[in-house]
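Student: Provided below: final-v6.tsv, containing TSV, C-alpha atoms.
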```tsv
chain	number	residue	atom	x	y	z
A	1	MET	CA	2.17	18.82	26.69
A	2	ALA	CA	-1.22	20.38	26.24
A	3	ASN	CA	-1.51	20.33	22.49
A	4	PRO	CA	1.55	18.82	20.83
A	5	LEU	CA	1.82	18.86	17.09
A	6	THR	CA	0.88	15.29	16.39
A	7	ASP	CA	2.19	15.58	12.86
A	8	LEU	CA	5.67	15.40	14.31
A	9	VAL	CA	4.85	12.47	16.54
A	10	LEU	CA	4.90	9.73	13.91
A	11	SER	CA	8.08	8.96	12.04
A	12	ASP	CA	8.24	8.93	8.24
A	13	PRO	CA	8.41	5.11	8.00
A	14	THR	CA	5.28	4.82	10.17
A	15	TRP	CA	3.38	7.33	8.04
A	16	LEU	CA	4.50	5.46	4.92
A	17	ARG	CA	3.08	2.32	6.46
A	18	VAL	CA	-0.24	4.12	7.03
A	19	LEU	CA	-0.21	5.33	3.41
A	20	SER	CA	0.54	1.81	2.15
A	21	PHE	CA	-2.71	0.64	3.78
A	22	ILE	CA	-4.79	3.25	1.97
A	23	GLY	CA	-4.43	1.43	-1.31
A	24	ASP	CA	-6.40	3.92	-3.40
A	25	PRO	CA	-3.81	5.79	-5.51
A	26	GLY	CA	-6.13	8.79	-5.90
A	27	VAL	CA	-6.54	9.18	-2.15
A	28	VAL	CA	-2.78	8.81	-1.51
A	29	CYS	CA	-2.09	11.46	-4.13
A	30	GLN	CA	-4.66	13.88	-2.68
A	31	LEU	CA	-3.22	13.49	0.82
A	32	GLY	CA	-0.15	15.25	-0.55
A	33	CYS	CA	-2.20	18.48	-0.37
A	34	ILE	CA	-2.09	18.43	3.45
A	35	SER	CA	1.40	19.86	3.84
A	36	ARG	CA	4.86	19.80	2.29
A	37	ARG	CA	5.86	16.88	4.48
A	38	TRP	CA	2.84	14.93	3.30
A	39	TYR	CA	3.61	15.79	-0.29
A	40	ARG	CA	7.02	14.18	0.11
A	41	LEU	CA	5.54	11.13	1.89
A	42	SER	CA	2.70	10.62	-0.59
A	43	ARG	CA	5.10	10.68	-3.57
A	44	ASP	CA	7.45	8.06	-2.07
A	45	ALA	CA	8.50	5.60	-4.77
A	46	THR	CA	7.61	2.56	-2.65
A	47	LEU	CA	3.93	3.58	-2.72
A	48	TRP	CA	3.84	3.73	-6.52
A	49	ARG	CA	5.50	0.49	-7.60
A	50	ARG	CA	2.17	-1.34	-7.74
A	51	VAL	CA	-0.72	0.83	-8.81
A	52	ASN	CA	-4.23	-0.53	-8.74
A	53	PHE	CA	-7.14	1.14	-10.50
A	54	THR	CA	-9.72	-1.63	-10.14
A	55	GLU	CA	-13.19	-1.85	-8.59
A	56	ARG	CA	-14.13	1.44	-6.95
A	57	ARG	CA	-10.93	3.02	-8.21
A	58	ARG	CA	-11.66	2.66	-11.93
A	59	LEU	CA	-10.54	5.59	-14.06
A	60	SER	CA	-11.78	6.86	-17.39
A	61	LEU	CA	-9.34	6.67	-20.28
A	62	LYS	CA	-8.83	10.43	-20.05
A	63	LYS	CA	-7.93	10.36	-16.34
A	64	LEU	CA	-5.74	7.31	-16.78
A	65	ALA	CA	-3.77	9.21	-19.44
A	66	MET	CA	-3.49	12.19	-17.08
A	67	PHE	CA	-2.08	9.90	-14.40
A	68	ILE	CA	0.48	8.32	-16.72
A	69	ARG	CA	1.79	11.77	-17.59
A	70	ARG	CA	2.55	12.52	-13.92
A	71	PRO	CA	6.14	11.91	-12.79
A	72	LEU	CA	4.73	9.41	-10.28
A	73	ALA	CA	4.08	6.91	-13.05
A	74	ILE	CA	7.82	6.45	-13.56
A	75	HIS	CA	7.96	4.24	-10.44
A	76	MET	CA	5.40	1.70	-11.63
A	77	HIS	CA	6.43	-1.94	-11.88
A	78	SER	CA	2.88	-3.16	-12.03
A	79	LEU	CA	-0.32	-1.50	-13.20
A	80	ARG	CA	-3.85	-2.85	-12.78
A	81	VAL	CA	-6.67	-1.21	-14.65
A	82	GLU	CA	-10.29	-2.28	-14.74
A	83	GLY	CA	-12.59	-1.38	-17.60
A	84	PHE	CA	-16.32	-0.83	-17.56
A	85	ILE	CA	-17.55	-4.06	-19.19
A	86	MET	CA	-19.14	-5.14	-15.92
A	87	SER	CA	-20.82	-1.78	-15.47
A	88	ASN	CA	-24.60	-1.59	-15.08
A	89	SER	CA	-24.86	1.25	-17.50
A	90	HIS	CA	-24.90	0.39	-21.18
A	91	SER	CA	-23.09	3.48	-22.30
A	92	SER	CA	-20.13	3.06	-19.97
A	93	ALA	CA	-19.77	-0.62	-20.91
A	94	LYS	CA	-18.99	0.54	-24.44
A	95	ARG	CA	-16.19	2.80	-23.27
A	96	LEU	CA	-12.69	1.90	-24.38
A	97	THR	CA	-10.36	1.09	-21.50
A	98	VAL	CA	-7.07	2.00	-23.14
A	99	SER	CA	-6.00	3.37	-26.50
A	100	PRO	CA	-2.94	2.61	-28.66
A	101	ALA	CA	-1.68	6.12	-27.84
A	102	LEU	CA	-1.96	5.43	-24.12
A	103	LEU	CA	0.00	2.17	-24.43
A	104	LYS	CA	2.66	4.08	-26.33
A	105	GLU	CA	2.89	6.58	-23.47
A	106	LEU	CA	3.10	3.73	-20.96
A	107	GLU	CA	6.08	2.38	-22.89
A	108	GLU	CA	7.80	5.76	-22.98
A	109	ARG	CA	7.05	7.02	-19.50
A	110	CYS	CA	7.18	3.85	-17.38
A	111	PRO	CA	10.57	2.22	-17.92
A	112	LEU	CA	10.10	-0.20	-15.00
A	113	LEU	CA	6.67	-1.48	-15.96
A	114	THR	CA	6.71	-5.24	-16.53
A	115	GLU	CA	3.29	-6.32	-15.30
A	116	LEU	CA	0.04	-5.09	-16.77
A	117	HIS	CA	-3.48	-6.14	-15.80
A	118	LEU	CA	-6.39	-4.97	-17.93
A	119	VAL	CA	-9.42	-6.69	-16.45
A	120	ASN	CA	-13.05	-6.44	-17.56
A	121	ALA	CA	-11.65	-4.20	-20.23
A	122	LYS	CA	-12.88	-3.38	-23.71
A	123	MET	CA	-9.72	-4.02	-25.70
A	124	ASP	CA	-10.88	-4.88	-29.21
A	125	ASN	CA	-9.23	-1.68	-30.44
A	126	ILE	CA	-5.77	-2.95	-29.47
A	127	ALA	CA	-3.32	-5.26	-31.24
A	128	LEU	CA	-0.81	-7.24	-29.22
A	129	ASP	CA	2.22	-5.51	-30.76
A	130	GLN	CA	1.00	-2.17	-29.38
A	131	PHE	CA	1.83	-3.16	-25.80
A	132	PRO	CA	5.13	-2.02	-24.24
A	133	GLU	CA	7.84	-4.42	-25.34
A	134	ARG	CA	9.36	-5.04	-21.95
A	135	LEU	CA	6.22	-6.56	-20.42
A	136	THR	CA	6.75	-9.96	-18.82
A	137	SER	CA	3.25	-10.51	-17.48
A	138	LEU	CA	-0.17	-9.69	-18.93
A	139	ASN	CA	-3.59	-10.31	-17.45
A	140	PHE	CA	-6.81	-9.85	-19.41
A	141	VAL	CA	-9.31	-11.55	-17.09
A	142	GLY	CA	-12.86	-10.88	-18.27
A	143	SER	CA	-11.83	-8.61	-21.13
A	144	VAL	CA	-12.85	-8.41	-24.78
A	145	LEU	CA	-9.87	-8.75	-27.10
A	146	SER	CA	-9.34	-8.11	-30.79
A	147	PHE	CA	-9.77	-11.06	-33.14
A	148	ASP	CA	-6.15	-11.41	-34.23
A	149	PHE	CA	-4.92	-11.19	-30.66
A	150	LEU	CA	-4.12	-14.84	-30.04
A	151	ALA	CA	-2.68	-15.26	-33.51
A	152	SER	CA	-0.17	-12.49	-32.69
A	153	LEU	CA	0.68	-14.27	-29.47
A	154	THR	CA	2.04	-17.18	-31.49
A	155	ASN	CA	4.57	-14.80	-32.98
A	156	ALA	CA	7.53	-14.97	-30.58
A	157	ASN	CA	8.89	-11.66	-31.88
A	158	ILE	CA	5.95	-9.83	-30.38
A	159	LEU	CA	6.49	-9.16	-26.65
A	160	PRO	CA	9.61	-11.33	-26.51
A	161	ARG	CA	9.94	-11.13	-22.71
A	162	LEU	CA	6.41	-12.26	-21.99
A	163	THR	CA	6.39	-15.25	-19.65
A	164	ALA	CA	2.85	-15.17	-18.26
A	165	ILE	CA	-0.54	-14.33	-19.70
A	166	ASP	CA	-3.91	-14.85	-18.07
A	167	LEU	CA	-6.84	-15.09	-20.47
A	168	SER	CA	-9.44	-16.39	-17.99
A	169	TYR	CA	-13.01	-15.38	-18.83
A	170	VAL	CA	-11.95	-13.54	-21.96
A	171	HIS	CA	-15.32	-13.02	-23.62
A	172	ASN	CA	-14.58	-13.79	-27.25
A	173	LEU	CA	-11.87	-16.44	-26.82
A	174	SER	CA	-13.79	-19.27	-28.51
A	175	SER	CA	-13.97	-17.46	-31.83
A	176	PHE	CA	-10.22	-17.68	-32.36
A	177	SER	CA	-9.41	-20.80	-30.37
A	178	LYS	CA	-7.75	-22.32	-33.48
A	179	SER	CA	-4.75	-20.24	-32.50
A	180	LEU	CA	-4.33	-22.16	-29.26
A	181	ASP	CA	-2.26	-24.82	-31.01
A	182	GLY	CA	0.18	-22.19	-32.20
A	183	LEU	CA	0.31	-20.73	-28.71
A	184	LEU	CA	1.45	-24.00	-27.20
A	185	SER	CA	4.42	-24.04	-29.53
A	186	ARG	CA	5.71	-20.77	-28.07
A	187	THR	CA	8.21	-21.45	-25.31
B	1	MET	CA	9.00	-12.88	34.12
B	2	ILE	CA	10.66	-9.79	32.69
B	3	GLN	CA	10.48	-6.25	34.05
B	4	LEU	CA	10.01	-3.30	31.70
B	5	CYS	CA	10.49	0.30	32.82
B	6	SER	CA	8.93	3.41	31.32
B	7	ASN	CA	10.88	6.62	30.65
B	8	ASP	CA	9.04	8.57	33.37
B	9	ASP	CA	10.70	10.10	36.40
B	10	PRO	CA	10.46	8.00	38.48
B	11	PRO	CA	10.10	5.10	36.04
B	12	VAL	CA	7.03	2.91	36.24
B	13	SER	CA	7.80	-0.77	35.93
B	14	PHE	CA	5.66	-3.61	34.58
B	15	THR	CA	6.27	-7.33	35.06
B	16	VAL	CA	5.47	-9.29	31.94
B	17	PRO	CA	5.80	-13.00	31.00
B	18	ARG	CA	8.88	-13.55	28.83
B	19	LYS	CA	6.79	-15.19	26.12
B	20	ALA	CA	4.60	-12.06	25.83
B	21	VAL	CA	7.54	-9.67	25.89
B	22	GLU	CA	9.19	-11.58	23.06
B	23	LEU	CA	6.48	-10.39	20.67
B	24	SER	CA	8.71	-7.33	20.57
B	25	LYS	CA	11.54	-8.14	18.20
B	26	THR	CA	13.65	-5.39	19.79
B	27	ILE	CA	13.37	-6.92	23.27
B	28	LYS	CA	13.64	-10.50	22.00
B	29	THR	CA	16.96	-9.67	20.32
B	30	MET	CA	18.15	-7.86	23.46
B	31	LEU	CA	17.30	-10.88	25.63
B	32	GLU	CA	19.08	-13.22	23.23
B	33	ASP	CA	22.18	-11.00	23.30
B	34	LEU	CA	22.12	-11.04	27.11
B	35	GLU	CA	21.77	-14.82	27.31
B	36	GLY	CA	23.41	-15.98	30.54
B	37	PHE	CA	22.50	-12.90	32.58
B	38	ASP	CA	19.71	-13.22	35.10
B	39	MET	CA	17.19	-11.07	33.25
B	40	GLU	CA	14.48	-11.81	35.83
B	41	GLN	CA	16.40	-9.49	38.18
B	42	THR	CA	17.33	-6.84	35.63
B	43	PRO	CA	14.65	-4.31	34.67
B	44	ILE	CA	14.81	-3.25	31.02
B	45	PRO	CA	14.57	0.54	30.60
B	46	LEU	CA	12.63	1.75	27.55
B	47	PRO	CA	13.81	5.31	26.91
B	48	ASN	CA	11.16	6.04	24.27
B	49	VAL	CA	8.02	4.78	26.01
B	50	ASP	CA	6.00	6.52	28.73
B	51	ALA	CA	3.94	4.72	31.38
B	52	PRO	CA	0.43	4.99	29.82
B	53	THR	CA	1.83	3.77	26.49
B	54	LEU	CA	3.80	0.96	28.11
B	55	GLU	CA	0.66	-0.12	29.96
B	56	LEU	CA	-1.11	-0.46	26.59
B	57	ILE	CA	1.81	-2.35	25.08
B	58	VAL	CA	1.84	-4.78	28.02
B	59	LYS	CA	-1.91	-5.29	27.73
B	60	TRP	CA	-1.58	-6.05	24.02
B	61	VAL	CA	1.35	-8.47	24.25
B	62	GLU	CA	-0.28	-10.35	27.13
B	63	GLN	CA	-3.47	-10.73	25.10
B	64	HIS	CA	-1.56	-11.94	22.02
B	65	GLN	CA	1.21	-14.03	23.63
B	66	ASP	CA	-0.40	-17.30	22.51
B	67	ASP	CA	-1.05	-16.20	18.92
B	68	PRO	CA	0.49	-18.49	16.33
B	69	PRO	CA	3.57	-16.81	14.86
B	70	PRO	CA	2.81	-14.86	11.67
B	71	VAL	CA	3.08	-17.01	8.57
B	72	GLU	CA	6.08	-16.07	6.47
B	73	LYS	CA	5.05	-15.90	2.84
B	74	PRO	CA	7.05	-18.44	0.87
B	75	ARG	CA	9.38	-16.67	-1.51
B	76	VAL	CA	8.39	-17.14	-5.10
B	77	GLU	CA	11.32	-18.68	-6.93
B	78	ASP	CA	11.82	-16.61	-10.00
B	79	ASP	CA	14.87	-16.28	-12.17
B	80	ASP	CA	13.74	-12.84	-13.32
B	81	SER	CA	15.56	-10.46	-11.00
B	82	ASP	CA	13.08	-7.65	-11.75
B	83	ASP	CA	10.49	-9.45	-9.65
B	84	SER	CA	12.75	-10.09	-6.68
B	85	ASP	CA	11.23	-7.36	-4.54
B	86	ALA	CA	7.66	-7.94	-5.68
B	87	ASP	CA	6.62	-9.49	-2.36
B	88	ASP	CA	7.48	-6.37	-0.40
B	89	ASP	CA	5.33	-4.19	-2.58
B	90	GLN	CA	2.12	-6.16	-2.30
B	91	GLU	CA	-0.73	-4.15	-0.92
B	92	PRO	CA	-0.78	-5.38	2.66
B	93	GLU	CA	-3.96	-7.11	3.75
B	94	VAL	CA	-4.68	-6.52	7.42
B	95	VAL	CA	-7.88	-7.24	9.27
B	96	ILE	CA	-8.21	-5.72	12.74
B	97	PRO	CA	-9.48	-8.43	15.16
B	98	GLU	CA	-12.47	-7.59	17.40
B	99	TRP	CA	-10.43	-7.50	20.62
B	100	ASP	CA	-7.92	-5.14	19.02
B	101	LYS	CA	-10.68	-2.86	17.75
B	102	LYS	CA	-11.78	-2.30	21.35
B	103	PHE	CA	-8.19	-2.11	22.54
B	104	LEU	CA	-6.97	0.68	20.25
B	105	PRO	CA	-7.34	4.17	21.77
B	106	THR	CA	-9.69	5.45	19.10
B	107	ASP	CA	-11.62	8.29	20.77
B	108	ASP	CA	-10.66	11.61	19.29
B	109	GLU	CA	-9.26	12.90	22.59
B	110	GLN	CA	-7.00	9.80	22.71
B	111	LYS	CA	-5.47	10.59	19.34
B	112	ASN	CA	-2.06	11.40	20.81
B	113	GLN	CA	-2.12	8.18	22.78
B	114	LEU	CA	-2.78	6.27	19.58
B	115	PHE	CA	0.20	7.90	17.86
B	116	LYS	CA	2.43	7.27	20.88
B	117	LEU	CA	1.36	3.64	20.79
B	118	LEU	CA	2.27	3.38	17.10
B	119	ASN	CA	5.66	4.94	17.71
B	120	ALA	CA	6.29	2.53	20.58
B	121	ALA	CA	5.20	-0.43	18.43
B	122	ASN	CA	7.60	0.81	15.77
B	123	TYR	CA	10.48	1.25	18.25
B	124	LEU	CA	9.82	-2.14	19.91
B	125	GLU	CA	9.26	-3.81	16.51
B	126	ILE	CA	5.88	-5.32	17.30
B	127	LYS	CA	4.83	-5.63	13.67
B	128	PRO	CA	1.26	-6.98	14.09
B	129	LEU	CA	0.42	-4.16	16.51
B	130	LEU	CA	2.01	-1.57	14.22
B	131	ASP	CA	0.03	-2.99	11.30
B	132	ILE	CA	-3.39	-2.86	12.96
B	133	GLY	CA	-2.67	0.66	14.24
B	134	CYS	CA	-1.55	1.92	10.82
B	135	LYS	CA	-4.51	0.20	9.20
B	136	TYR	CA	-6.86	1.91	11.67
B	137	VAL	CA	-5.39	5.35	10.90
B	138	ALA	CA	-5.47	4.61	7.15
B	139	ASP	CA	-9.18	3.71	7.31
B	140	LYS	CA	-9.86	6.76	9.46
B	141	ILE	CA	-8.36	9.23	6.97
B	142	SER	CA	-9.46	7.47	3.75
B	143	GLY	CA	-12.39	9.17	2.10
B	144	GLN	CA	-12.02	12.33	4.20
B	145	THR	CA	-11.34	15.77	2.84
B	146	VAL	CA	-7.86	17.23	3.02
B	147	GLU	CA	-9.16	19.86	5.47
B	148	TRP	CA	-10.57	17.14	7.72
B	149	VAL	CA	-7.29	15.20	7.80
B	150	ARG	CA	-5.32	18.38	8.43
B	151	ASP	CA	-7.57	19.12	11.38
B	152	TYR	CA	-7.44	15.53	12.67
B	153	LEU	CA	-3.65	15.55	12.62
B	154	ASN	CA	-3.30	19.16	13.92
B	155	MET	CA	-1.36	20.13	10.85
B	156	GLU	CA	-0.70	23.51	9.34
B	157	ASN	CA	-1.13	24.10	5.66
B	158	ASP	CA	2.36	25.31	4.75
B	159	TYR	CA	1.73	25.77	1.02
B	160	THR	CA	1.70	29.13	-0.69
B	161	PRO	CA	-1.43	29.89	-2.78
B	162	GLU	CA	0.70	29.53	-5.94
B	163	GLU	CA	1.86	26.09	-4.87
B	164	GLU	CA	-1.71	25.09	-4.05
B	165	ALA	CA	-2.86	26.08	-7.53
B	166	LYS	CA	-0.06	24.05	-9.08
B	167	LEU	CA	-0.88	21.09	-6.86
B	168	LYS	CA	-4.52	21.23	-7.87
B	169	GLU	CA	-3.48	20.83	-11.48
B	170	GLU	CA	-1.18	17.97	-10.60
B	171	ILE	CA	-3.88	15.93	-8.90
B	172	ALA	CA	-6.63	16.66	-11.43
B	173	TRP	CA	-6.61	12.99	-12.48
B	174	ALA	CA	-7.57	11.94	-8.94
B	175	GLU	CA	-10.44	14.37	-8.43
B	176	GLY	CA	-13.99	13.10	-8.33
B	177	LEU	CA	-12.93	9.47	-8.54
```
Using structure tokens, write down the structure from this file.
Tutor:
Amino acid sequence: MANPLTDLVLSDPTWLRVLSFIGDPGVVCQLGCISRRWYRLSRDATLWRRVNFTERRRLSLKKLAMFIRRPLAIHMHSLRVEGFIMSNSHSSAKRLTVSPALLKELEERCPLLTELHLVNAKMDNIALDQFPERLTSLNFVGSVLSFDFLASLTNANILPRLTAIDLSYVHNLSSFSKSLDGLLSRT
Amino acid sequence: MIQLCSNDDPPVSFTVPRKAVELSKTIKTMLEDLEGFDMEQTPIPLPNVDAPTLELIVKWVEQHQDDPPPVEKPRVEDDDSDDSDADDDQEPEVVIPEWDKKFLPTDDEQKNQLFKLLNAANYLEIKPLLDIGCKYVADKISGQTVEWVRDYLNMENDYTPEEEAKLKEEIAWAEGL
């Protein structure tokens, strides 16, 4: 064979394996522009269960909202988003990472989502009861939270399925640490 | 020693230590099923693998025959059934070892050989080899333009202009990341 069509050489499972190593959701999505076959491969549900927008893959609030409105977002079990607190530029550090409206859309559009990471995120515009109710795991490593955040956590009616929360390196934790006692009483 | 035969006419055969050959789950299972037969005397035909590809496979399994078996991740005990498949979805972490970097047919004119090797690794169920190969291809196409990847994979753009316009809208969130 002088010039076989290599596209046909690899099987779908092998291409899916290649795509699973790419990791960057934006790149995977763009590879769907190659051909119809690649569109089908790049939209495979297995590639979109865990979506990671951290480090070099950080998205602005506007683009994150655009993503959540795509049908792809329906497959998400876990979503990781990184904010711009650690950014060098002062102006981007002030950017909000998510909005109450975006969390509402997450709740409506992502019925499988149970795990949410919002790291290095500016979150002081968000109250705990604005998160999707079915979340079981939250991670706010390095984020800035609103002041009544921990107090709401002591209320077992808010996020009733929550079993894990990571508050490591939360910037303003000390200012409401009185609530920690209440937290311990939540089973 | 075990003999493996390629699908060429006439077949090319390779003699490989049993330990090395057992890195292929497919062959290991076959040998276990044929326990009691004298497999040293029975060449195993591989209908999906040609001689140059089989030569590469043999080279790889001989190099890796003394590798410690891959560590199985302990299952996380969790009573929440929603998380039961979480392990399978983890972004796989694969580092290509130095020897393997030199081993993989990575020149552009060897592209087809690379894909044949991946298909053979898939058919023979040699997961570590499949992983490093897929990782190599993933790194190769990451950060390239769609046109470049299309060219690299000899693929035709089979979209209509209308579909392309629609697609562009659909991926707007991913542009200029």
Student: Quick one: residues within 7 Å of Asp124 in chain A, all atoms listed in the file counted, chain neighbours fewer than 6 positions away excluded, as number ranges by chain?
Tutor: A: 144-146
Student: Based on all atoms listed in the file, which of the residues in chain A come within 7 Å of chain B? I want them as a list of chain:residue names.
Tutor: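 The contacting residues on chain A are A:Leu5, A:Thr6, A:Asp7, A:Val9, A:Leu10, A:Arg17, A:Val18, A:Leu19, A:Ser20, A:Phe21, A:Ile22, A:Gly23, A:Gly26, A:Val27, A:Cys29, A:Gln30, A:Leu31, A:Cys33, A:Ile34, A:Ser35, A:Arg36, A:Arg49, A:Arg50, A:Arg57, A:Lys63, A:Met66, A:Phe67.
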Student: How would the residues just chosen look if you wrote them out with C-alpha atoms as a JSON list (two decimals), in the coordinates of the input?
Tutor:
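Output (result-v9.json):
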```json
[["chain", "number", "residue", "atom", "x", "y", "z"],
["A", 5, "LEU", "CA", 1.82, 18.86, 17.09],
["A", 6, "THR", "CA", 0.88, 15.29, 16.39],
["A", 7, "ASP", "CA", 2.19, 15.58, 12.86],
["A", 9, "VAL", "CA", 4.85, 12.47, 16.54],
["A", 10, "LEU", "CA", 4.90, 9.73, 13.91],
["A", 17, "ARG", "CA", 3.08, 2.32, 6.46],
["A", 18, "VAL", "CA", -0.24, 4.12, 7.03],
["A", 19, "LEU", "CA", -0.21, 5.33, 3.41],
["A", 20, "SER", "CA", 0.54, 1.81, 2.15],
["A", 21, "PHE", "CA", -2.71, 0.64, 3.78],
["A", 22, "ILE", "CA", -4.79, 3.25, 1.97],
["A", 23, "GLY", "CA", -4.43, 1.43, -1.31],
["A", 26, "GLY", "CA", -6.13, 8.79, -5.90],
["A", 27, "VAL", "CA", -6.54, 9.18, -2.15],
["A", 29, "CYS", "CA", -2.09, 11.46, -4.13],
["A", 30, "GLN", "CA", -4.66, 13.88, -2.68],
["A", 31, "LEU", "CA", -3.22, 13.49, 0.82],
["A", 33, "CYS", "CA", -2.20, 18.48, -0.37],
["A", 34, "ILE", "CA", -2.09, 18.43, 3.45],
["A", 35, "SER", "CA", 1.40, 19.86, 3.84],
["A", 36, "ARG", "CA", 4.86, 19.80, 2.29],
["A", 49, "ARG", "CA", 5.50, 0.49, -7.60],
["A", 50, "ARG", "CA", 2.17, -1.34, -7.74],
["A", 57, "ARG", "CA", -10.93, 3.02, -8.21],
["A", 63, "LYS", "CA", -7.93, 10.36, -16.34],
["A", 66, "MET", "CA", -3.49, 12.19, -17.08],
["A", 67, "PHE", "CA", -2.08, 9.90, -14.40]]
```
Student: Taking 6 positions as the minimum chain separation for residues in the same chain, which residues sit within 12 Å of range 29-33 of chain B when counting all atoms listed in the file? Answer as a list of chain:residue names.
Tutor: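 Skipping anything fewer than 6 positions along the chain leaves B:Ile2, B:Gln3, B:Arg18, B:Lys19, B:Val21, B:Glu22, B:Leu23, B:Met39, B:Glu40, B:Thr42, B:Pro43, B:Ile44, B:Pro45, B:Leu46, B:Leu124, B:Glu125.
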Student: For Pro10 in chain B, find every residue with an atom within 12 Å (counting all atoms listed in the file), except residues of its own chain fewer than 2 positions away, and show them as a PyMOL selection string.
Tutor: chain B and resi 5-8+12-13+45+50-51
Student: Report as a list in words all protein, DNA and RNA residues lying within 6 Å of range 152-165 of chain A, evaluated on all atoms listed in the file, omitting residues in the same chain fewer than 2 positions from it.
Tutor: Asp129, Glu133, Leu135, Thr136, Ser137, Leu138, Asn139, Phe149, Leu150, Gly182 and Leu183 of chain A
Student: Choose the residue, out of A:Lys62, A:Arg56, A:Arg70, A:His75, that has the smallest atom-to-atom separation from Asp24 in chain A; count all atoms listed in the file.
Tutor: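 Counting all atoms listed in the file, the residue closest to Asp24 in chain A is A:Arg56.
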Student: Return the single residue from A:Cys110, A:Ala101, A:Val141, A:Val81 that is closest to Ile126 in chain A, with distances computed using all atoms listed in the file.
Tutor: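 Distance minimum relative to Ile126 in chain A lands on A:Ala101.
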Student: What is the CA of Pro97 in chain B to CA of Lys25 in chain B distance in Å?
Tutor: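 Computing it gives 21.2 Å between the two atoms.
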Student: So what do you get for CA of Lys102 in chain B versus CA of Trp38 in chain A, distance-wise?
Tutor: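 So the answer is 28.9 Å.
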Student: What does the structure give for the distance between CA of Gln113 in chain B and CA of His64 in chain B, in Å to one decimal?
Tutor: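 Computing the Euclidean distance for CA of Gln113 in chain B and CA of His64 in chain B yields 20.1 Å.
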Student: Please write out, as JSON, where the centre of an axis-aligned box around all listed atoms of range 32-39 of chain B lies and how long its edges are, in Å to one decimal, after adding 4 Å on each side.
Tutor:
```
{"center_x": 20.3, "center_y": -13.5, "center_z": 29.2, "size_x": 14.2, "size_y": 13.0, "size_z": 19.9}
```
